[in-house]
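Below is the file entry.cif, which contains mmCIF, C-alpha atoms and all ligand atoms.
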```cif
data_run
#
loop_
_atom_site.label_atom_id
_atom_site.label_comp_id
_atom_site.auth_asym_id
_atom_site.auth_seq_id
_atom_site.Cartn_x
_atom_site.Cartn_y
_atom_site.Cartn_z
CA MET A 1 113.78 125.25 100.15
CA SER A 2 113.53 121.56 99.39
CA LEU A 3 114.32 119.50 102.49
CA ILE A 4 113.97 120.80 106.04
CA ALA A 5 115.30 119.09 109.20
CA ALA A 6 112.35 118.20 111.45
CA ASP A 7 110.98 115.84 114.15
CA ILE A 8 108.80 114.27 111.47
CA PRO A 9 110.91 114.28 108.29
CA LEU A 10 109.52 114.70 104.81
CA LEU A 11 110.99 111.31 103.94
CA SER A 12 113.31 108.81 105.60
CA ILE A 13 115.61 106.41 103.77
CA LYS A 14 117.15 105.29 107.06
CA ALA A 15 113.89 103.93 108.50
CA GLN A 16 113.48 101.65 105.48
CA ASN A 17 117.07 100.49 105.19
CA GLN A 18 117.49 99.80 108.92
CA SER A 19 114.62 97.31 108.89
CA LEU A 20 116.38 95.38 106.09
CA SER A 21 119.94 95.98 107.21
CA ALA A 22 120.97 92.30 107.52
CA GLU A 23 119.46 91.31 104.14
CA ILE A 24 121.00 94.31 102.34
CA LYS A 25 124.45 93.64 103.79
CA GLU A 26 124.21 89.95 102.89
CA ALA A 27 123.31 90.86 99.29
CA ALA A 28 126.14 93.38 98.93
CA CYS A 29 128.71 90.98 100.46
CA ARG A 30 127.50 88.15 98.23
CA VAL A 31 128.39 90.27 95.19
CA LEU A 32 131.72 91.41 96.65
CA ASP A 33 132.67 87.79 97.31
CA SER A 34 131.53 86.66 93.86
CA GLY A 35 133.96 88.85 91.91
CA ALA A 36 131.25 89.50 89.25
CA TYR A 37 130.51 93.21 89.44
CA ILE A 38 129.07 94.23 86.06
CA LEU A 39 126.12 92.70 84.11
CA GLY A 40 126.17 89.43 86.04
CA PRO A 41 123.56 87.15 87.59
CA GLU A 42 122.09 89.82 89.91
CA ASN A 43 121.35 92.05 86.91
CA ARG A 44 119.69 89.21 85.01
CA ALA A 45 117.60 88.21 88.02
CA PHE A 46 116.60 91.80 88.80
CA ASP A 47 115.59 92.46 85.18
CA GLU A 48 113.31 89.41 85.22
CA GLU A 49 111.83 90.12 88.64
CA PHE A 50 111.16 93.81 87.95
CA ALA A 51 109.65 93.10 84.51
CA ARG A 52 107.28 90.60 86.18
CA GLU A 53 106.18 93.20 88.79
CA ILE A 54 105.47 95.78 86.09
CA GLY A 55 103.79 93.33 83.72
CA SER A 56 106.23 94.22 80.94
CA PRO A 57 107.89 91.56 78.75
CA PHE A 58 111.42 92.94 79.28
CA CYS A 59 113.41 95.14 81.65
CA LEU A 60 117.02 96.40 81.51
CA GLY A 61 118.74 97.81 84.56
CA VAL A 62 120.69 101.03 83.91
CA ASP A 63 122.75 103.44 85.98
CA SER A 64 120.08 106.15 86.65
CA GLY A 65 116.59 107.32 85.80
CA THR A 66 118.11 110.03 83.62
CA SER A 67 119.99 107.41 81.58
CA ALA A 68 116.78 105.36 81.36
CA LEU A 69 114.97 108.31 79.74
CA GLU A 70 117.87 109.12 77.40
CA LEU A 71 118.30 105.52 76.22
CA ALA A 72 114.55 105.02 75.80
CA LEU A 73 114.22 108.15 73.65
CA GLU A 74 117.32 107.27 71.63
CA ALA A 75 116.03 103.72 71.12
CA VAL A 76 112.80 104.99 69.52
CA GLY A 77 114.87 107.14 67.16
CA VAL A 78 114.72 110.60 68.73
CA GLY A 79 117.60 112.72 67.42
CA PRO A 80 118.59 116.14 66.05
CA GLY A 81 115.69 118.00 64.45
CA ASP A 82 113.00 116.07 66.31
CA GLU A 83 110.56 117.44 68.86
CA VAL A 84 109.35 115.62 71.95
CA ILE A 85 106.37 116.78 74.01
CA VAL A 86 106.98 116.82 77.77
CA PRO A 87 105.14 118.38 80.73
CA SER A 88 106.66 121.55 82.16
CA PHE A 89 105.77 120.59 85.73
CA THR A 90 108.28 117.78 86.36
CA PHE A 91 111.88 117.14 87.37
CA ILE A 92 114.18 118.65 84.75
CA ALA A 93 115.60 115.27 83.62
CA THR A 94 112.39 114.61 81.67
CA ALA A 95 113.30 117.53 79.40
CA THR A 96 117.10 117.33 79.40
CA ALA A 97 116.89 113.72 78.20
CA VAL A 98 115.39 115.19 75.00
CA SER A 99 117.93 118.02 74.74
CA VAL A 100 121.04 115.85 75.12
CA LEU A 101 119.93 113.88 72.06
CA GLY A 102 119.93 117.13 70.06
CA ALA A 103 116.12 117.19 69.94
CA VAL A 104 113.82 119.93 71.24
CA PRO A 105 111.55 119.54 74.29
CA VAL A 106 108.15 121.10 73.63
CA PHE A 107 106.48 121.98 76.91
CA ALA A 108 102.83 121.08 77.45
CA ASP A 109 100.68 121.89 80.47
CA VAL A 110 99.46 119.52 83.17
CA ASP A 111 96.01 118.57 84.37
CA GLU A 112 94.68 120.56 87.33
CA THR A 113 93.69 117.47 89.34
CA THR A 114 96.54 114.98 88.82
CA LEU A 115 99.32 117.42 87.80
CA THR A 116 100.20 115.03 84.96
CA LEU A 117 100.41 115.71 81.20
CA ASP A 118 97.12 117.19 79.92
CA PRO A 119 96.12 115.42 76.66
CA ARG A 120 94.34 118.58 75.39
CA SER A 121 97.52 120.61 75.78
CA VAL A 122 99.52 117.89 73.97
CA GLU A 123 97.14 117.77 71.01
CA ASN A 124 97.68 121.45 70.20
CA LEU A 125 101.47 121.04 70.16
CA ILE A 126 101.82 118.11 67.76
CA GLY A 127 103.50 119.13 64.51
CA PRO A 128 105.45 117.57 61.63
CA LYS A 129 108.65 117.29 63.73
CA THR A 130 107.01 115.65 66.76
CA LYS A 131 108.50 112.21 67.36
CA ALA A 132 107.49 111.23 70.87
CA VAL A 133 105.51 112.15 73.98
CA VAL A 134 106.72 111.67 77.56
CA PRO A 135 103.93 111.46 80.15
CA VAL A 136 105.29 111.70 83.71
CA HIS A 137 103.40 109.86 86.44
CA LEU A 138 104.30 112.68 88.80
CA PHE A 139 104.25 112.16 92.57
CA GLY A 140 102.99 108.61 91.85
CA GLN A 141 99.73 109.75 90.14
CA PRO A 142 99.20 107.88 86.86
CA ALA A 143 98.84 110.20 83.85
CA ASP A 144 95.62 109.83 81.85
CA MET A 145 97.15 107.36 79.40
CA ASP A 146 94.13 106.35 77.27
CA PRO A 147 93.71 109.69 75.46
CA LEU A 148 97.49 110.16 75.28
CA LEU A 149 98.00 106.71 73.73
CA ALA A 150 95.09 107.23 71.31
CA LEU A 151 96.55 110.56 70.23
CA ALA A 152 100.04 109.10 69.84
CA ARG A 153 98.76 106.12 67.83
CA SER A 154 96.74 108.36 65.51
CA LYS A 155 99.78 110.58 64.82
CA GLY A 156 102.45 107.85 64.73
CA LEU A 157 104.23 109.08 67.87
CA LYS A 158 106.16 106.98 70.38
CA VAL A 159 105.23 107.09 74.06
CA VAL A 160 107.95 106.89 76.71
CA GLU A 161 106.51 106.85 80.23
CA ASP A 162 108.55 108.63 82.89
CA CYS A 163 107.95 106.25 85.83
CA ALA A 164 110.66 107.70 88.10
CA GLN A 165 108.01 108.34 90.77
CA SER A 166 105.41 105.69 89.98
CA HIS A 167 106.70 102.20 90.85
CA LEU A 168 103.61 99.91 90.91
CA ALA A 169 101.10 102.71 90.21
CA VAL A 170 98.09 101.30 88.35
CA TYR A 171 96.19 102.98 85.50
CA LYS A 172 92.92 101.27 84.53
CA GLY A 173 94.19 97.90 85.75
CA ARG A 174 97.68 98.14 84.17
CA VAL A 175 100.91 99.02 85.93
CA THR A 176 102.69 102.18 84.77
CA GLY A 177 105.69 101.30 82.64
CA SER A 178 103.70 98.71 80.69
CA LEU A 179 101.44 101.15 78.82
CA GLY A 180 103.66 103.05 76.36
CA GLU A 181 106.43 101.70 74.10
CA LEU A 182 108.89 102.08 76.97
CA GLY A 183 108.94 102.94 80.67
CA ALA A 184 111.85 104.77 82.33
CA PHE A 185 112.36 104.15 86.06
CA SER A 186 114.62 105.80 88.62
CA PHE A 187 115.89 103.98 91.71
CA TYR A 188 117.48 107.09 93.21
CA PRO A 189 117.71 106.34 96.96
CA THR A 190 114.61 108.37 97.94
CA LYS A 191 112.34 106.82 95.30
CA ASN A 192 109.62 104.31 96.26
CA LEU A 193 112.13 101.63 95.25
CA GLY A 194 115.56 103.06 95.98
CA ALA A 195 119.07 101.72 95.50
CA ALA A 196 122.09 102.57 97.68
CA GLY A 197 123.30 105.00 95.03
CA ASP A 198 122.22 105.88 91.50
CA ALA A 199 120.26 103.28 89.50
CA GLY A 200 117.40 103.02 87.02
CA ALA A 201 115.69 100.71 84.53
CA VAL A 202 113.89 100.68 81.20
CA THR A 203 110.85 98.45 80.67
CA VAL A 204 110.03 97.54 77.09
CA ALA A 205 107.57 95.30 75.26
CA ASP A 206 109.17 95.02 71.82
CA ALA A 207 112.11 92.59 71.41
CA ASP A 208 113.84 94.66 68.69
CA LEU A 209 113.70 97.76 70.88
CA ARG A 210 115.01 95.66 73.78
CA ASP A 211 117.99 94.56 71.66
CA ARG A 212 118.73 98.16 70.62
CA LEU A 213 118.68 99.15 74.29
CA LEU A 214 121.02 96.30 75.24
CA GLU A 215 123.55 97.65 72.75
CA LEU A 216 123.05 101.31 73.63
CA ARG A 217 123.51 100.54 77.35
CA ASN A 218 126.77 98.68 76.84
CA CYS A 219 129.07 100.83 74.63
CA GLY A 220 127.19 99.86 71.47
CA ARG A 221 128.51 96.28 71.78
CA THR A 222 126.91 93.82 69.39
CA ILE A 223 124.85 91.45 71.54
CA GLY A 224 126.98 88.42 72.48
CA ALA A 225 130.23 90.01 71.27
CA THR A 226 133.09 91.51 73.27
CA TYR A 227 134.98 93.89 70.97
CA HIS A 228 132.54 94.20 68.09
CA HIS A 229 130.38 97.31 68.21
CA ALA A 230 127.18 97.55 66.20
CA ARG A 231 126.51 101.20 66.97
CA VAL A 232 127.74 104.22 68.91
CA GLY A 233 126.51 103.59 72.43
CA HIS A 234 127.00 104.62 76.04
CA ASN A 235 128.13 103.08 79.29
CA CYS A 236 124.92 103.10 81.33
CA ARG A 237 125.21 99.70 83.00
CA LEU A 238 123.76 98.92 86.42
CA ASP A 239 126.27 97.70 89.05
CA GLU A 240 125.77 94.18 90.40
CA ILE A 241 125.78 95.47 93.99
CA GLN A 242 122.91 97.85 93.22
CA ALA A 243 120.99 95.10 91.41
CA ALA A 244 121.42 92.77 94.42
CA ILE A 245 120.21 95.46 96.86
CA LEU A 246 117.27 96.32 94.60
CA ARG A 247 116.26 92.64 94.54
CA VAL A 248 116.07 92.63 98.35
CA LYS A 249 113.97 95.79 98.41
CA LEU A 250 111.74 94.75 95.52
CA ARG A 251 110.37 91.94 97.71
CA HIS A 252 108.98 94.60 100.07
CA LEU A 253 107.75 97.12 97.51
CA ALA A 254 104.11 95.94 97.41
CA ARG A 255 103.85 96.21 101.21
CA TRP A 256 105.46 99.67 101.24
CA THR A 257 103.10 100.77 98.48
CA GLN A 258 100.06 99.64 100.51
CA SER A 259 101.41 101.59 103.43
CA ARG A 260 101.80 104.76 101.33
CA ARG A 261 98.20 104.39 100.12
CA ARG A 262 96.95 103.94 103.68
CA ILE A 263 98.82 107.06 104.82
CA ALA A 264 97.34 109.02 101.89
CA ALA A 265 93.84 107.92 102.97
CA LEU A 266 94.60 109.02 106.55
CA TYR A 267 95.71 112.43 105.25
CA HIS A 268 92.45 112.74 103.32
CA GLU A 269 90.47 112.05 106.50
CA GLY A 270 92.59 114.34 108.62
CA LEU A 271 92.63 117.28 106.17
CA ARG A 272 89.04 116.99 104.90
CA GLY A 273 87.17 120.29 104.65
CA LEU A 274 90.26 122.48 104.84
CA PRO A 275 90.88 125.10 102.12
CA LEU A 276 93.60 123.23 100.26
CA ARG A 277 93.68 120.88 97.28
CA LEU A 278 94.53 117.22 97.97
CA PRO A 279 95.96 114.67 95.51
CA PRO A 280 93.34 112.16 94.28
CA LEU A 281 93.17 108.79 96.07
CA GLY A 282 92.21 106.95 92.86
CA GLY A 283 89.61 104.22 92.58
CA ASN A 284 89.45 100.47 92.07
CA ASP A 285 91.39 100.24 88.83
CA THR A 286 93.50 103.43 88.99
CA ARG A 287 95.76 103.46 92.01
CA PRO A 288 98.41 106.12 92.70
CA VAL A 289 101.46 105.21 94.80
CA PHE A 290 102.07 108.57 96.53
CA HIS A 291 105.77 108.98 95.99
CA LEU A 292 104.95 112.38 97.48
CA PHE A 293 101.75 113.60 99.13
CA THR A 294 101.49 117.03 97.56
CA VAL A 295 98.81 119.53 98.60
CA ARG A 296 98.20 122.88 96.99
CA LEU A 297 97.26 126.26 98.44
CA GLU A 298 97.94 129.93 97.70
CA ARG A 299 99.66 130.57 101.04
CA ARG A 300 102.11 127.72 100.42
CA ASP A 301 105.26 129.47 101.67
CA ALA A 302 103.59 130.60 104.90
CA LEU A 303 102.31 127.06 105.59
CA ALA A 304 105.79 125.65 104.91
CA GLU A 305 107.26 128.09 107.42
CA HIS A 306 104.58 127.21 110.00
CA LEU A 307 105.22 123.47 109.54
CA ARG A 308 108.94 123.95 109.88
CA ARG A 309 108.45 125.80 113.15
CA SER A 310 106.15 122.96 114.32
CA GLY A 311 108.83 120.32 113.66
CA VAL A 312 107.11 118.94 110.55
CA GLY A 313 109.21 118.41 107.42
CA CYS A 314 107.90 119.52 104.04
CA GLY A 315 109.29 120.19 100.59
CA VAL A 316 108.57 122.13 97.42
CA TYR A 317 108.56 119.95 94.32
CA TYR A 318 109.03 121.87 92.04
CA PRO A 319 109.50 125.59 92.68
CA ILE A 320 110.24 126.50 89.04
CA PRO A 321 108.45 124.91 86.06
CA VAL A 322 110.99 123.57 83.60
CA HIS A 323 110.15 126.07 80.82
CA LEU A 324 111.18 128.90 83.19
CA GLN A 325 114.49 127.31 84.25
CA PRO A 326 117.61 129.24 83.18
CA ALA A 327 118.68 126.08 81.33
CA TYR A 328 115.80 126.70 78.88
CA ALA A 329 116.00 130.50 78.74
CA GLY A 330 116.77 130.35 75.02
CA LEU A 331 113.86 128.09 74.11
CA LYS A 332 110.66 129.54 72.66
CA VAL A 333 107.65 128.28 74.64
CA ARG A 334 104.80 127.33 72.30
CA ALA A 335 101.83 127.31 74.68
CA ALA A 336 100.56 129.06 77.77
CA LEU A 337 101.31 126.84 80.77
CA PRO A 338 99.14 128.32 83.53
CA VAL A 339 98.58 125.13 85.54
CA SER A 340 102.31 124.31 85.63
CA GLU A 341 103.14 127.86 86.72
CA ARG A 342 100.44 127.88 89.42
CA ALA A 343 101.43 124.42 90.68
CA SER A 344 105.01 125.63 91.13
CA ARG A 345 103.73 128.45 93.34
CA GLU A 346 101.21 126.35 95.28
CA ALA A 347 102.56 122.81 95.68
CA LEU A 348 103.76 121.64 99.07
CA SER A 349 104.70 118.02 99.85
CA LEU A 350 103.92 116.69 103.33
CA PRO A 351 105.79 113.83 105.05
CA MET A 352 105.32 110.55 103.15
CA PHE A 353 107.20 107.28 103.61
CA ALA A 354 106.03 103.76 104.39
CA GLU A 355 107.20 103.80 108.02
CA LEU A 356 105.28 106.98 108.95
CA THR A 357 103.02 106.18 111.95
CA ASP A 358 99.34 107.08 112.38
CA ALA A 359 100.39 109.37 115.24
CA ASP A 360 102.86 111.16 112.92
CA VAL A 361 100.12 111.69 110.32
CA ALA A 362 97.75 112.99 113.02
CA ARG A 363 100.44 115.43 114.15
CA VAL A 364 101.05 116.69 110.62
CA CYS A 365 97.29 117.16 110.09
CA ALA A 366 96.98 119.02 113.41
CA ALA A 367 99.83 121.34 112.40
CA VAL A 368 98.18 122.07 109.04
CA LYS A 369 94.82 122.68 110.75
CA ALA A 370 96.38 125.02 113.29
CA PHE A 371 97.62 127.15 110.37
CA LEU A 372 94.46 127.07 108.26
CA GLY A 373 91.99 127.11 111.14
C1 LIG A 401 110.15 112.63 87.21
C2 LIG A 401 111.59 112.26 87.22
N1 LIG A 401 112.20 111.93 86.05
C3 LIG A 401 113.49 111.58 86.00
C4 LIG A 401 114.26 111.53 87.12
C5 LIG A 401 115.72 111.19 86.99
O1 LIG A 401 116.10 110.10 87.76
P1 LIG A 401 117.61 109.96 88.32
O2 LIG A 401 117.76 110.94 89.44
O3 LIG A 401 117.65 108.53 88.81
O4 LIG A 401 118.52 110.21 87.20
C6 LIG A 401 113.69 111.83 88.36
C7 LIG A 401 114.50 111.76 89.59
O5 LIG A 401 114.48 112.59 90.44
C8 LIG A 401 112.33 112.21 88.42
O6 LIG A 401 111.73 112.51 89.57
#
```
Can you present the structure in this file as structure tokens?
Amino acid sequence: MSLIAADIPLLSIKAQNQSLSAEIKEAACRVLDSGAYILGPENRAFDEEFAREIGSPFCLGVDSGTSALELALEAVGVGPGDEVIVPSFTFIATATAVSVLGAVPVFADVDETTLTLDPRSVENLIGPKTKAVVPVHLFGQPADMDPLLALARSKGLKVVEDCAQSHLAVYKGRVTGSLGELGAFSFYPTKNLGAAGDAGAVTVADADLRDRLLELRNCGRTIGATYHHARVGHNCRLDEIQAAILRVKLRHLARWTQSRRRIAALYHEGLRGLPLRLPPLGGNDTRPVFHLFTVRLERRDALAEHLRRSGVGCGVYYPIPVHLQPAYAGLKVRAALPVSERASREALSLPMFAELTDADVARVCAAVKAFLG
């Protein structure tokens, strides 16, 4: 099970897009009429605007979050023979981005409270082949970056943040994607900032790394040249139409993020005292963005069934930790990963999107209470 049809859906792209329908159509038609479809003015404007939001010196739009991770890891030099430490409880792209470069993902466990990379688990896995660490700000909860960055600095490792689910999340006053060497974003349509198709971006502070990424993204083309290629690269460019649509939606992202935080606070009030674990609300300087509102309980599957029968959508992210996926059957796991394995059995995501009403949240809470009460 991942998505279930319901009166109150788990998420709704339509609700968001309908409210901006005229602006989105105007943006798409502007590009169609312009005749500039690849790496044009919309891309340049989006890169600047998104970098400003994140507080990162540079941003490059790319064609998906998966490409963003792959290019970011390649740019810091990850290749055959290297190891990269990733959490096991995440979407599989975090790990496959390592594998497609010929490197080996080394699975670490996640923290019990935030379900993000546990620095203690990482420390035990660092070895002579370790090149990089990929913290994932899963479900919009910022990973505990200070100890991870300190560890990486002391061992000479690169840090690539997986920000696919954390647009505008704040860790100790800084926006995720501006903390490590690079940040990899997804704009898959259901993400907090979603395109009308596949899209992604890499944020980066260092100008040399930025230049390497510009070449890698565009067939290895030497910057400024047309048919001169400095390196072997890829075609991971972001379409102008997607960039134009993202620019429209970016203007609303802060408001949508506030709304998600308000809904999370309402869930906390409505579910207080029940025997299930809730995601942290954060504090003044660490502020999650609740891409998903994921609760945990042992009787997860029974609650999911009850919600479905009550007309409430829910979803299981993720039912199998990555180290147990058939894709990694041949890989030797180096550490016990009990929190990741338990989270896969216990996690259940409740409806979460900016347009969810207070009455919807009250109805979801009542349905959960009816089951647990
Ligand atoms: C944590 C995480 N990393 C990476 C990705 C990959 O992004 P995309 O689907 O845009 O390739 C996703 C998207 O689902 C994700 O949730």
Enumerate residues in contact with ligand LIG 401 (chain A): an atom-to-atom distance of at most 6 Å, counting only C-alpha atoms and all ligand atoms. Format the result as a ChimeraX atom specification.
-> /A:64-66,90-91,93-94,162,164-165,186-188,198-200
Nearest to A:Pro275, chosen from A:Cys365, A:Leu238, A:Gly373, A:Tyr227, with all atoms listed in the file counted in the distances =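 Among A:Cys365, A:Leu238, A:Gly373, A:Tyr227, it is A:Gly373 that comes nearest to A:Pro275.
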Counting all atoms listed in the file, which of A:Val159, A:Arg260, A:Glu215, A:Gln242 gets nearest to A:His229?
->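 Checking each of A:Val159, A:Arg260, A:Glu215, A:Gln242 against A:His229, counting all atoms listed in the file, the winner is A:Glu215.
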If you count only C-alpha atoms, which residues fall within 6 Å of A:Leu11, apart from same-chain ones fewer than 3 positions away, as an MDAnalysis selection string?
-> chainID A and resid 351:353
Answer as a ChimeraX atom specification, residues within 12 Å of (104.3, 119.9, 101.7) using all atoms listed in the file | /A:1-4,9-11,139,267,276-279,292-297,299-308,312-319,345-352,364-365,367-368
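The coordinates place atom CA of A:Gly197 at 27.2 Å from atom CA of A:Gly180.
Ranking A:Gly233, A:Gly283, A:Gly183, A:Gly35 by their shortest atom-to-atom distance to A:Val133, with only C-alpha atoms included, puts A:Gly183 first.
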Within 12 Å of A:Val248, counting only C-alpha atoms, which residues show up once you throw out same-chain ones fewer than 5 positions away? Write them as JSON, numbers by chain, please.
-> {"A": [16, 17, 19, 20, 21, 22, 23, 24, 25, 26, 27, 28, 42, 45, 46, 49, 50, 193, 194, 195, 196, 241, 242, 243, 253]}
Spatial neighbours of A:Ser99, max dist 10 Å, only C-alpha atoms, sep filter under 6 positions, as a ChimeraX atom specification = /A:70,79-80,82-84,93,105,328
Please indicate the distance in Å from atom CA of A:Thr222 to atom CA of A:Glu181, rounded to one decimal place.
->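 Distance reported for this atom pair: 22.4 Å.
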Rank nothing, just name the residue among A:Phe58, A:Tyr37, A:Phe89, A:Trp256 nearest to A:Gln325, using all atoms listed in the file.
->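 Result for the nearest residue to A:Gln325: A:Phe89.
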Contacts of stretch 144-152 of chain A within 9 Å, all atoms listed in the file, excl. fewer than 2 positions in-chain, as a ChimeraX atom specification | /A:114,116-120,122-123,132-133,135,142,154-159,171-172,179-180
Between A:Thr113, A:Thr286, A:Asn124, A:Gln258, which has the minimum distance to A:Val170 (counting only C-alpha atoms)?
-> A:Thr286
Identify which of the residues A:Ala343, A:Leu213, A:Ala359, A:Ala97 lies closest to A:Asn235, counting all atoms listed in the file when measuring atom-to-atom distances.
->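 Smallest distance to A:Asn235 is found for A:Leu213.
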Selection: 7 Å around stretch 330-339 of chain A, all atoms listed in the file, excl. self and same-chain fewer than 6 positions, as a PyMOL selection string | chain A and resi 107-110+112
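Residues having any atom no farther than 8 Å from (112.3, 107.4, 75.3) (counting only C-alpha atoms) are A:Ala68, A:Leu69, A:Glu70, A:Leu71, A:Ala72, A:Leu73, A:Glu74, A:Ala75, A:Val76, A:Val78, A:Ala132, A:Val134, A:Lys158, A:Val159, A:Val160, A:Glu161, A:Leu182, A:Gly183, A:Ala184.
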Atom CA of A:Phe290 to atom CA of A:Ser88, straight-line distance in Å =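 One can read the atom CA of A:Ser88 to atom CA of A:Phe290 distance as 19.9 Å.
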I need stretch 263-281 of chain A from the structure I supplied, saved as a CSV table (one decimal), in the first residue's frame with N, CA and C atoms retained.
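So result00.csv came out as:
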```csv
chain,number,residue,atom,x,y,z
A,263,ILE,N,-0.7,22.8,10.5
A,263,ILE,CA,-1.5,21.6,10.4
A,263,ILE,C,-0.8,20.6,11.4
A,264,ALA,N,0.6,20.6,11.3
A,264,ALA,CA,1.3,19.6,12.2
A,264,ALA,C,1.0,20.0,13.7
A,265,ALA,N,0.9,21.3,14.0
A,265,ALA,CA,0.6,21.6,15.4
A,265,ALA,C,-0.8,21.2,15.8
A,266,LEU,N,-1.7,21.3,14.8
A,266,LEU,CA,-3.1,20.9,15.1
A,266,LEU,C,-3.1,19.3,15.3
A,267,TYR,N,-2.3,18.6,14.5
A,267,TYR,CA,-2.3,17.2,14.8
A,267,TYR,C,-1.7,16.9,16.2
A,268,HIS,N,-0.7,17.6,16.6
A,268,HIS,CA,-0.2,17.4,17.9
A,268,HIS,C,-1.2,17.6,19.0
A,269,GLU,N,-2.0,18.6,18.8
A,269,GLU,CA,-3.1,18.9,19.8
A,269,GLU,C,-4.1,17.8,19.8
A,270,GLY,N,-4.5,17.4,18.5
A,270,GLY,CA,-5.6,16.4,18.4
A,270,GLY,C,-5.2,15.0,18.8
A,271,LEU,N,-3.9,14.7,18.7
A,271,LEU,CA,-3.5,13.3,18.9
A,271,LEU,C,-2.8,13.1,20.3
A,272,ARG,N,-2.7,14.3,21.0
A,272,ARG,CA,-2.0,14.2,22.3
A,272,ARG,C,-2.5,13.1,23.2
A,273,GLY,N,-1.6,12.4,23.9
A,273,GLY,CA,-1.9,11.4,24.9
A,273,GLY,C,-2.3,10.1,24.3
A,274,LEU,N,-2.3,10.0,23.0
A,274,LEU,CA,-2.6,8.6,22.4
A,274,LEU,C,-1.3,7.8,22.3
A,275,PRO,N,-1.5,6.5,22.3
A,275,PRO,CA,-0.3,5.6,22.3
A,275,PRO,C,0.3,5.5,20.9
A,276,LEU,N,0.9,6.6,20.4
A,276,LEU,CA,1.6,6.6,19.1
A,276,LEU,C,2.6,7.7,19.1
A,277,ARG,N,3.7,7.5,18.4
A,277,ARG,CA,4.8,8.4,18.4
A,277,ARG,C,4.5,9.5,17.3
A,278,LEU,N,4.7,10.8,17.7
A,278,LEU,CA,4.5,11.9,16.7
A,278,LEU,C,5.8,12.5,16.3
A,279,PRO,N,5.9,13.0,15.0
A,279,PRO,CA,7.1,13.7,14.6
A,279,PRO,C,7.3,15.0,15.4
A,280,PRO,N,8.6,15.3,15.7
A,280,PRO,CA,8.8,16.6,16.5
A,280,PRO,C,8.3,17.8,15.8
A,281,LEU,N,7.8,18.8,16.5
A,281,LEU,CA,7.4,20.1,15.9
A,281,LEU,C,8.6,21.0,15.7
```
